[in-house]
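Undergrad: Sharing protein.txt, compact mmCIF, C-alpha atoms and all ligand atoms:
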# COMPACT_ATOMS: atom_id res chain seq x y z
CA MET A 1197 57.62 92.71 73.51
CA LYS A 1198 57.55 92.82 69.69
CA THR A 1199 60.83 93.46 67.87
CA ILE A 1200 60.66 95.96 65.02
CA LEU A 1201 63.40 96.46 62.43
CA VAL A 1202 63.78 100.08 61.30
CA THR A 1203 65.87 100.44 58.16
CA GLY A 1204 67.38 103.91 57.74
CA GLY A 1205 66.64 104.36 61.44
CA LEU A 1206 69.36 106.99 61.94
CA GLY A 1207 67.86 109.31 59.32
CA PHE A 1208 65.51 112.25 59.85
CA ILE A 1209 62.13 110.48 59.87
CA GLY A 1210 63.64 107.14 60.89
CA SER A 1211 65.17 108.45 64.11
CA HIS A 1212 61.95 110.19 65.15
CA THR A 1213 60.05 106.95 64.49
CA VAL A 1214 62.54 104.90 66.56
CA VAL A 1215 61.85 107.25 69.50
CA GLU A 1216 58.08 106.80 69.16
CA LEU A 1217 58.45 103.00 68.79
CA GLN A 1218 60.47 102.82 72.01
CA ASN A 1219 57.98 105.14 73.74
CA SER A 1220 55.26 102.68 72.65
CA GLY A 1221 57.03 99.68 74.21
CA PHE A 1222 58.57 98.07 71.14
CA LYS A 1223 62.08 96.59 71.01
CA VAL A 1224 63.87 98.32 68.13
CA ILE A 1225 66.72 97.16 65.91
CA VAL A 1226 68.14 99.81 63.59
CA ILE A 1227 70.03 99.11 60.41
CA ASP A 1228 71.63 101.93 58.46
CA ASN A 1229 74.58 102.16 56.06
CA LEU A 1230 75.39 105.72 57.26
CA SER A 1231 75.46 107.02 53.69
CA ASN A 1232 73.19 109.92 54.62
CA SER A 1233 73.12 109.82 58.43
CA ARG A 1234 75.44 109.97 61.46
CA ILE A 1235 76.15 107.28 64.06
CA GLU A 1236 75.86 109.99 66.78
CA VAL A 1237 72.09 109.90 66.22
CA LEU A 1238 72.07 106.55 68.08
CA ASP A 1239 73.25 108.25 71.28
CA SER A 1240 70.79 111.09 70.73
CA ILE A 1241 67.91 108.60 70.56
CA THR A 1242 69.23 106.92 73.73
CA LYS A 1243 69.35 110.30 75.49
CA ILE A 1244 65.66 110.87 74.69
CA THR A 1245 64.27 107.43 75.55
CA GLY A 1246 66.87 105.99 77.90
CA THR A 1247 67.07 102.85 75.76
CA LYS A 1248 69.80 102.31 73.17
CA PRO A 1249 68.42 100.61 70.07
CA ASN A 1250 70.42 97.65 68.73
CA PHE A 1251 72.36 98.92 65.73
CA HIS A 1252 73.81 97.01 62.79
CA LYS A 1253 75.66 98.74 59.93
CA VAL A 1254 74.12 96.94 56.97
CA ASP A 1255 74.02 97.95 53.33
CA LEU A 1256 70.71 96.67 52.00
CA ARG A 1257 72.16 96.58 48.47
CA ASN A 1258 74.31 93.65 49.64
CA LYS A 1259 72.12 90.55 49.46
CA LYS A 1260 74.52 88.48 51.62
CA GLU A 1261 74.64 91.15 54.33
CA VAL A 1262 70.84 91.28 54.37
CA LYS A 1263 70.52 87.47 54.63
CA ASN A 1264 73.15 87.40 57.36
CA PHE A 1265 71.23 89.97 59.40
CA PHE A 1266 68.02 87.95 59.25
CA ASP A 1267 69.88 84.73 60.14
CA LEU A 1268 70.85 86.39 63.43
CA ASN A 1269 67.73 88.40 64.34
CA ILE A 1270 64.08 87.49 64.96
CA ILE A 1271 61.86 90.29 63.62
CA ASP A 1272 58.10 90.83 64.08
CA GLY A 1273 57.75 93.78 61.71
CA ILE A 1274 59.73 96.13 59.48
CA ILE A 1275 59.50 99.88 58.93
CA HIS A 1276 61.50 100.59 55.80
CA PHE A 1277 62.95 104.13 55.44
CA ALA A 1278 66.36 103.36 53.92
CA ALA A 1279 66.45 104.97 50.46
CA PHE A 1280 68.01 107.83 48.54
CA LYS A 1281 65.53 110.71 48.48
CA ALA A 1282 66.90 113.75 46.65
CA VAL A 1283 64.67 114.48 43.67
CA GLY A 1284 67.28 116.50 41.75
CA GLU A 1285 70.10 114.03 42.41
CA SER A 1286 67.91 111.17 41.17
CA VAL A 1287 67.68 112.85 37.76
CA GLU A 1288 71.51 112.91 37.51
CA LYS A 1289 72.06 109.40 38.96
CA PRO A 1290 69.01 107.26 38.09
CA LEU A 1291 70.83 103.91 38.22
CA GLU A 1292 72.11 104.52 41.77
CA TYR A 1293 68.53 105.33 42.77
CA TYR A 1294 67.06 102.21 41.15
CA GLU A 1295 69.81 99.96 42.52
CA ASN A 1296 69.44 101.33 46.05
CA ASN A 1297 65.74 102.06 46.39
CA ILE A 1298 64.44 99.08 44.41
CA GLY A 1299 67.23 96.54 44.94
CA SER A 1300 67.17 96.95 48.71
CA LEU A 1301 63.40 96.65 48.80
CA VAL A 1302 63.45 93.37 46.84
CA TYR A 1303 66.12 91.83 49.11
CA LEU A 1304 64.11 92.81 52.20
CA LEU A 1305 60.90 91.36 50.80
CA GLN A 1306 62.66 88.11 49.82
CA GLU A 1307 63.81 87.64 53.42
CA MET A 1308 60.31 88.41 54.68
CA ARG A 1309 58.86 85.81 52.30
CA ASP A 1310 61.41 83.15 53.24
CA ARG A 1311 61.06 83.70 56.99
CA ASN A 1312 57.33 84.42 57.23
CA ILE A 1313 57.83 87.94 58.53
CA ASP A 1314 54.48 89.51 58.00
CA ASN A 1315 54.21 93.23 58.80
CA PHE A 1316 55.76 95.86 56.56
CA ILE A 1317 55.47 99.66 56.64
CA PHE A 1318 56.82 101.43 53.55
CA SER A 1319 58.02 105.02 53.35
CA SER A 1320 56.26 106.39 50.28
CA SER A 1321 55.62 109.93 49.14
CA CYS A 1322 52.96 112.29 47.81
CA THR A 1323 55.29 112.58 44.84
CA VAL A 1324 53.47 109.56 43.42
CA TYR A 1325 50.53 111.86 42.59
CA GLY A 1326 52.55 114.43 40.60
CA GLN A 1327 50.34 117.51 40.14
CA ALA A 1328 46.98 116.15 41.28
CA ASP A 1329 43.93 117.35 39.35
CA LYS A 1330 41.90 117.83 42.53
CA LEU A 1331 42.90 119.27 45.93
CA PRO A 1332 43.06 118.19 48.69
CA ILE A 1333 44.59 114.94 47.42
CA THR A 1334 42.77 111.71 48.34
CA GLU A 1335 44.23 108.17 48.19
CA ASN A 1336 42.26 107.42 45.06
CA ALA A 1337 43.75 110.33 43.13
CA PRO A 1338 45.35 108.91 39.98
CA ILE A 1339 49.03 108.00 40.09
CA LYS A 1340 50.64 110.22 37.45
CA PRO A 1341 53.80 109.39 35.46
CA ALA A 1342 56.66 110.11 37.87
CA GLU A 1343 58.42 113.47 37.44
CA SER A 1344 61.76 112.02 38.64
CA PRO A 1345 63.52 108.67 39.09
CA TYR A 1346 63.13 109.23 42.83
CA GLY A 1347 59.35 109.51 42.50
CA ASN A 1348 59.41 106.50 40.15
CA THR A 1349 61.18 104.37 42.78
CA LYS A 1350 58.31 105.13 45.16
CA GLN A 1351 55.68 104.19 42.57
CA ILE A 1352 57.52 101.01 41.54
CA GLY A 1353 58.18 100.22 45.21
CA GLU A 1354 54.46 100.27 45.99
CA GLU A 1355 53.75 97.99 43.01
CA ILE A 1356 56.43 95.49 44.11
CA ILE A 1357 55.00 95.42 47.64
CA LYS A 1358 51.44 94.96 46.36
CA ASP A 1359 52.49 92.00 44.19
CA SER A 1360 54.45 90.48 47.10
CA CYS A 1361 51.44 90.84 49.41
CA ASN A 1362 49.23 89.04 46.91
CA ALA A 1363 51.71 86.21 46.36
CA HIS A 1364 53.24 85.68 49.79
CA LYS A 1365 50.82 86.30 52.72
CA LEU A 1366 52.50 89.63 53.41
CA ASN A 1367 50.60 92.52 55.02
CA ALA A 1368 51.87 96.00 54.22
CA ILE A 1369 50.98 99.65 54.53
CA ALA A 1370 52.54 102.42 52.45
CA LEU A 1371 52.51 105.88 54.02
CA ARG A 1372 52.53 108.65 51.40
CA TYR A 1373 54.28 111.51 53.20
CA PHE A 1374 53.66 115.12 52.37
CA ASN A 1375 56.40 117.48 53.57
CA PRO A 1376 58.03 116.46 56.88
CA ILE A 1377 59.56 119.35 58.87
CA GLY A 1378 60.68 120.25 62.39
CA ALA A 1379 62.51 118.42 65.15
CA HIS A 1380 61.86 116.52 68.39
CA GLU A 1381 61.09 118.92 71.28
CA SER A 1382 64.28 117.76 73.06
CA ILE A 1383 66.25 119.02 70.00
CA GLU A 1384 68.40 115.91 70.42
CA ILE A 1385 67.38 114.83 66.91
CA GLY A 1386 66.31 116.75 63.80
CA GLU A 1387 67.00 117.21 60.10
CA LEU A 1388 70.68 116.95 59.15
CA PRO A 1389 70.91 117.91 55.48
CA LEU A 1390 74.42 117.16 54.21
CA GLY A 1391 75.65 120.01 51.96
CA ILE A 1392 73.36 122.67 50.51
CA PRO A 1393 69.78 121.92 51.65
CA GLN A 1394 67.42 120.96 48.82
CA ASN A 1395 64.31 121.29 50.98
CA LEU A 1396 62.70 124.59 51.97
CA ILE A 1397 62.73 124.46 55.77
CA PRO A 1398 66.40 123.59 56.32
CA TYR A 1399 67.28 126.32 53.82
CA VAL A 1400 65.10 128.76 55.76
CA THR A 1401 66.70 127.89 59.10
CA GLN A 1402 70.23 128.03 57.66
CA THR A 1403 69.46 131.45 56.18
CA ALA A 1404 68.11 132.64 59.55
CA ALA A 1405 71.30 131.31 61.16
CA GLY A 1406 73.48 133.22 58.69
CA ILE A 1407 74.89 130.04 57.15
CA ARG A 1408 73.16 130.91 53.82
CA SER A 1409 73.09 134.57 52.82
CA GLN A 1410 69.67 134.58 51.14
CA LEU A 1411 66.73 132.27 50.55
CA SER A 1412 65.54 131.96 46.95
CA ILE A 1413 61.84 131.50 46.39
CA PHE A 1414 61.53 129.20 43.37
CA GLY A 1415 58.86 131.06 41.40
CA ASP A 1416 56.08 133.49 42.32
CA ASP A 1417 54.02 133.08 39.16
CA TYR A 1418 52.10 129.95 40.18
CA GLU A 1419 48.29 129.85 40.04
CA THR A 1420 48.03 130.32 43.80
CA PRO A 1421 46.72 133.25 45.90
CA ASP A 1422 50.18 134.76 46.43
CA GLY A 1423 51.88 133.20 43.39
CA THR A 1424 54.18 130.90 45.38
CA ALA A 1425 53.80 127.11 45.46
CA ILE A 1426 51.75 125.37 48.12
CA ARG A 1427 52.71 122.28 50.15
CA ASP A 1428 51.45 120.38 53.22
CA TYR A 1429 54.09 120.74 55.94
CA ILE A 1430 53.70 118.12 58.68
CA HIS A 1431 55.63 117.99 61.97
CA VAL A 1432 58.02 115.03 61.81
CA VAL A 1433 56.81 113.79 65.24
CA ASP A 1434 53.22 113.63 63.98
CA LEU A 1435 54.53 111.75 60.95
CA ALA A 1436 56.50 109.35 63.18
CA LYS A 1437 53.37 108.61 65.21
CA ALA A 1438 51.51 107.73 62.02
CA HIS A 1439 54.00 104.85 61.58
CA ILE A 1440 53.17 103.49 65.04
CA ALA A 1441 49.46 103.72 64.23
CA ALA A 1442 49.97 101.87 60.93
CA LEU A 1443 52.16 99.20 62.57
CA LYS A 1444 49.54 98.57 65.28
CA ARG A 1445 46.86 98.22 62.60
CA LEU A 1446 48.88 95.38 61.04
CA LEU A 1447 49.93 93.73 64.31
CA ASN A 1448 46.29 93.79 65.48
CA LYS A 1449 45.25 92.41 62.04
CA ASP A 1450 42.80 95.32 61.66
CA ASN A 1451 43.84 95.91 58.07
CA GLU A 1452 41.04 95.27 55.54
CA ASN A 1453 43.39 94.61 52.61
CA ASN A 1454 46.80 92.98 52.53
CA PHE A 1455 48.20 96.16 50.94
CA GLU A 1456 46.93 99.55 52.13
CA TYR A 1457 48.17 103.09 51.58
CA TYR A 1458 47.46 106.38 53.34
CA ASN A 1459 48.16 110.08 52.79
CA ILE A 1460 50.02 111.46 55.80
CA GLY A 1461 49.83 115.24 55.97
CA THR A 1462 48.08 117.95 57.99
CA GLY A 1463 45.35 118.50 55.39
CA LYS A 1464 46.34 122.18 55.20
CA GLY A 1465 48.34 123.82 52.43
CA SER A 1466 50.85 126.64 53.02
CA SER A 1467 52.59 128.70 50.32
CA VAL A 1468 56.29 129.49 50.46
CA LEU A 1469 55.51 133.11 51.37
CA GLU A 1470 53.15 131.93 54.13
CA ILE A 1471 55.93 129.71 55.48
CA ILE A 1472 58.33 132.65 55.51
CA THR A 1473 55.79 134.81 57.37
CA ALA A 1474 54.95 132.02 59.83
CA PHE A 1475 58.65 131.35 60.45
CA GLN A 1476 59.38 135.03 61.14
CA ASN A 1477 56.36 135.31 63.45
CA SER A 1478 57.22 132.07 65.31
CA THR A 1479 60.89 132.82 65.84
CA GLY A 1480 61.26 136.62 65.64
CA LYS A 1481 63.95 136.10 62.96
CA ILE A 1482 63.81 138.23 59.80
CA LEU A 1483 64.58 136.28 56.61
CA ASN A 1484 66.50 137.69 53.67
CA TYR A 1485 64.92 136.30 50.50
CA LYS A 1486 64.41 136.97 46.81
CA THR A 1487 62.31 135.40 44.07
CA VAL A 1488 63.97 133.47 41.23
CA GLU A 1489 62.82 131.15 38.44
CA ARG A 1490 60.65 128.14 39.18
CA ARG A 1491 62.51 124.87 39.99
CA THR A 1492 62.05 122.20 37.30
CA GLY A 1493 59.71 119.41 38.35
CA ASP A 1494 57.94 121.35 41.11
CA VAL A 1495 54.15 121.09 41.24
CA THR A 1496 51.95 124.13 41.93
CA ALA A 1497 50.15 122.73 44.94
CA ALA A 1498 49.94 119.53 46.99
CA TYR A 1499 48.14 119.01 50.28
CA ALA A 1500 46.48 115.94 51.74
CA ASP A 1501 42.92 114.85 52.34
CA THR A 1502 43.57 113.03 55.64
CA THR A 1503 40.03 111.66 56.17
CA ILE A 1504 40.94 108.03 55.53
CA ALA A 1505 44.19 108.10 57.52
CA ASN A 1506 42.41 109.77 60.47
CA GLU A 1507 39.68 107.15 60.45
CA LYS A 1508 41.48 103.91 59.56
CA LEU A 1509 44.70 104.60 61.46
CA ASN A 1510 42.93 106.33 64.33
CA TRP A 1511 45.64 108.99 63.96
CA LYS A 1512 45.63 112.75 63.46
CA THR A 1513 48.19 115.54 63.58
CA GLU A 1514 48.56 117.22 66.99
CA LYS A 1515 51.20 119.86 66.33
CA THR A 1516 50.75 123.23 64.65
CA LEU A 1517 52.80 124.64 61.79
CA GLU A 1518 54.20 127.27 64.17
CA GLU A 1519 55.40 124.56 66.60
CA ALA A 1520 57.05 122.71 63.71
CA LEU A 1521 58.82 125.85 62.47
CA ARG A 1522 59.92 126.83 65.98
CA SER A 1523 61.31 123.34 66.61
CA ALA A 1524 63.19 123.51 63.30
CA TRP A 1525 64.71 126.83 64.38
CA ASN A 1526 65.58 125.55 67.90
CA TRP A 1527 67.32 122.57 66.29
CA GLN A 1528 69.21 124.85 63.87
CA GLU A 1529 70.36 127.11 66.72
CA LYS A 1530 71.66 124.08 68.58
CA GLN A 1531 73.59 122.89 65.49
CA SER A 1532 75.06 126.37 65.04
CA ASN A 1533 76.07 126.58 68.74
CA ASN A 1534 77.64 123.10 68.59
CA HIS A 1535 79.78 124.14 65.64
CA SER A 1536 80.73 127.61 66.86
C1 LIG B 1601 58.92 122.86 49.07
C2 LIG B 1601 58.54 124.15 48.36
C3 LIG B 1601 59.86 124.59 46.40
C4 LIG B 1601 63.64 125.22 48.48
C5 LIG B 1601 60.35 117.11 48.17
C6 LIG B 1601 60.22 115.78 47.53
C7 LIG B 1601 59.26 114.94 48.34
C8 LIG B 1601 59.74 114.90 49.76
C9 LIG B 1601 59.82 116.31 50.33
C10 LIG B 1601 61.16 112.99 50.11
C11 LIG B 1601 58.53 123.99 46.83
C12 LIG B 1601 60.08 125.66 47.46
C13 LIG B 1601 62.32 124.94 48.18
C14 LIG B 1601 64.14 126.54 48.31
C15 LIG B 1601 61.97 127.24 47.55
N1 LIG B 1601 61.02 114.29 49.82
N2 LIG B 1601 61.50 125.93 47.73
N3 LIG B 1601 63.27 127.50 47.85
O1 LIG B 1601 59.84 119.60 46.55
O2 LIG B 1601 57.68 119.75 47.91
O3 LIG B 1601 59.12 117.77 48.12
O4 LIG B 1601 60.75 117.01 49.50
O5 LIG B 1601 60.31 112.19 50.36
O6 LIG B 1601 59.24 113.65 47.79
O7 LIG B 1601 59.71 115.95 46.24
O8 LIG B 1601 59.89 119.91 49.07
O9 LIG B 1601 61.11 121.42 50.56
O10 LIG B 1601 62.10 120.89 48.28
O11 LIG B 1601 60.10 122.37 48.44
O12 LIG B 1601 61.22 128.14 47.14
O13 LIG B 1601 65.33 126.87 48.56
O14 LIG B 1601 59.52 125.15 48.64
O15 LIG B 1601 59.79 125.17 45.11
O16 LIG B 1601 57.48 124.81 46.34
P1 LIG B 1601 59.09 119.33 47.80
P2 LIG B 1601 60.89 121.15 49.10
So that I can check it, write out the structure of this file as structure tokens.
TA:
Amino acid sequence: MKTILVTGGLGFIGSHTVVELQNSGFKVIVIDNLSNSRIEVLDSITKITGTKPNFHKVDLRNKKEVKNFFDLNIIDGIIHFAAFKAVGESVEKPLEYYENNIGSLVYLLQEMRDRNIDNFIFSSSCTVYGQADKLPITENAPIKPAESPYGNTKQIGEEIIKDSCNAHKLNAIALRYFNPIGAHESIEIGELPLGIPQNLIPYVTQTAAGIRSQLSIFGDDYETPDGTAIRDYIHVVDLAKAHIAALKRLLNKDNENNFEYYNIGTGKGSSVLEIITAFQNSTGKILNYKTVERRTGDVTAAYADTTIANEKLNWKTEKTLEEALRSAWNWQEKQSNNHS
């Protein structure tokens, strides 16, 4: 049984990936510094799969802690989620973002080099493309100057991994996520935004739950059919399964290059207004919303061309947008009931 380290494994995408790893027969070790996640997620994962992942509270910014962990654990592969990921916050605190997102990555890669750990899956983002010139976005779309320090850490991160692969017999795959949404069908795990949600779907579900009084649509003057911005919203379980597919590609040595990258989305774009309509139709909830100014740094439209990922990873999305939105609402209702 292969042992896979999942950094940031108690986070939103990390926890869903841990569940799919265990379902696929892997032994999982989770490290997390709990800066943006809750230890209770460990029990939630255990409830779903019946197997409690090993957990170590490790701060990847601490080189000694990282070395210590690898002295004590034999690892066959790493899926690296641990990073700060709020676009707006990264503009206010760039140095924290570079220290955490880049520093941690370098320390991990140094340990992999020194201990001949070979397989690495990196959590990247469609943000690396900025506003792509052509839609849907393919993997050979040009990488545009990053619109935020957060996006820059993803671009720089991919470069660092590519150079490490070339120098140190490392095999890696970067998955460029589009917009992950929803929750596991058990509603034992889901998105846990701390504070006011930055992302659309948690804001939608908190508005429907009465936690937020009104949803603001950031701009309706975009060059899109209904004027609101378009994104590719992918069910987080489909996204989690893409990580298993990528990991198997490396473990089976099916990769054609030592560094590969794939767009992970549904291939379908939905506007904010279409999301609101789909949410209302899927849940029967009526949303209170208004239109305000555009949000700085937002692109007009981004959705994936998934041809390469489908073919090379032998993976495709299985869940519909409606299922994703319904699962997000079911998860929100459970949170609201737990806190009432
Ligand atoms: C989606 C759409 C907003 C909130 C970001 C990161 C990306 C990834 C996913 C980490 C946009 C609109 C939003 C609201 C709104 N994160 N919106 N009202 O910005 O596409 O992507 O999150 O990997 O890297 O950039 O996602 O959910 O914030 O916004 O109208 O209250 O919803 O303008 O068009 P985004 P989002």
Undergrad: How would you write, as a PyMOL selection string, the set of residues no farther than 9 Å from ligand LIG 1601 (chain B) when counting only C-alpha atoms and all ligand atoms?
TA: chain A and resi 1280-1284+1319-1324+1344+1346-1347+1350+1372-1377+1393-1400+1411-1416+1424-1429+1467-1469+1471+1487-1488+1490-1498
Undergrad: How close does each residue of stretch 1313-1408 of chain A get to stretch 1501-1516 of chain A, giving the shortest atom pair and distance in Å to one decimal for every residue with an atom at most 10 Å away, counting all atoms listed in the file, sorted by chain and residue number, as a tab-separated table?
TA:
residue	atom	partner	partner_atom	distance
A:Leu1331	CA	A:Asp1501	CA	7.8
A:Pro1332	CA	A:Asp1501	CA	4.9
A:Ile1333	CA	A:Asp1501	CA	5.2
A:Thr1334	CA	A:Asp1501	CA	5.1
A:Glu1335	CA	A:Asp1501	CA	8.0
A:Leu1371	CA	A:Ala1505	CA	9.3
Undergrad: So what do you get for atom CA of A:Leu1443 versus atom CA of A:Lys1358, distance-wise?
TA: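 One can read the atom CA of A:Leu1443 to atom CA of A:Lys1358 distance as 16.8 Å.
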Undergrad: So which one's closest to A:Phe1318, A:Ile1385, A:Leu1238, A:Ile1392, A:Ile1274? Using all atoms listed in the file, please.
TA: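 When distances to A:Phe1318 are compared using all atoms listed in the file, the smallest one comes from A:Ile1274.
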Undergrad: Could you tell me how far atom CA of A:Gln1351 sits from atom CA of A:Arg1234, in Å to one decimal place?
TA: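 According to the coordinates, atom CA of A:Arg1234 and atom CA of A:Gln1351 are separated by 27.9 Å.
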Undergrad: When you draw a straight line from atom CA of A:Asp1310 to atom CA of A:Asn1232, how long is it in Å?
TA: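 The value is 29.3 Å.
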Undergrad: Set the distance at 8 Å and use all atoms listed in the file: which residues neighbour stretch 1405-1408 of chain A once local chain neighbours fewer than 5 positions away are removed? I'd like the list as a list in words.
TA: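 My list of contacting residues is Tyr1399, Gln1528, Glu1529 and Ser1532 of chain A.
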Undergrad: So, counting only C-alpha atoms, which residue among A:Ala1404, A:Val1215, A:Leu1268, A:Leu1366 is closest to A:Ile1472?
TA: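 Of A:Ala1404, A:Val1215, A:Leu1268, A:Leu1366, the one nearest A:Ile1472 is A:Ala1404, counting only C-alpha atoms.
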Undergrad: Using all atoms listed in the file, pick whichever of A:Lys1259, A:His1439, A:Lys1243, A:His1431 has the shortest atom-to-atom distance to A:Val1202.
TA: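 Among the listed residues, the smallest separation from A:Val1202 belongs to A:His1439.
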Undergrad: Between A:Met1308, A:Ala1520, A:Ala1368, A:Leu1435, which residue has the minimum interatomic distance to A:Thr1479, considering only C-alpha atoms?
TA: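 With only C-alpha atoms as the atom set, the closest residue is A:Ala1520.
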Undergrad: Given only C-alpha atoms as the basis, pick out the residue of A:Ile1270, A:Val1432, A:Ala1438, A:Leu1217 nearest to A:Ala1379.
TA: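 That would be A:Val1432, the residue with the smallest distance to A:Ala1379.
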Undergrad: Would you compute an axis-aligned box for stretch 1393-1399 of chain A, covering every atom listed for it in the file with 3 Å of margin on each side, and report centre and edge lengths in Å to one decimal as JSON?
TA:
{"center_x": 66.2, "center_y": 123.6, "center_z": 52.6, "size_x": 13.1, "size_y": 11.4, "size_z": 13.5}
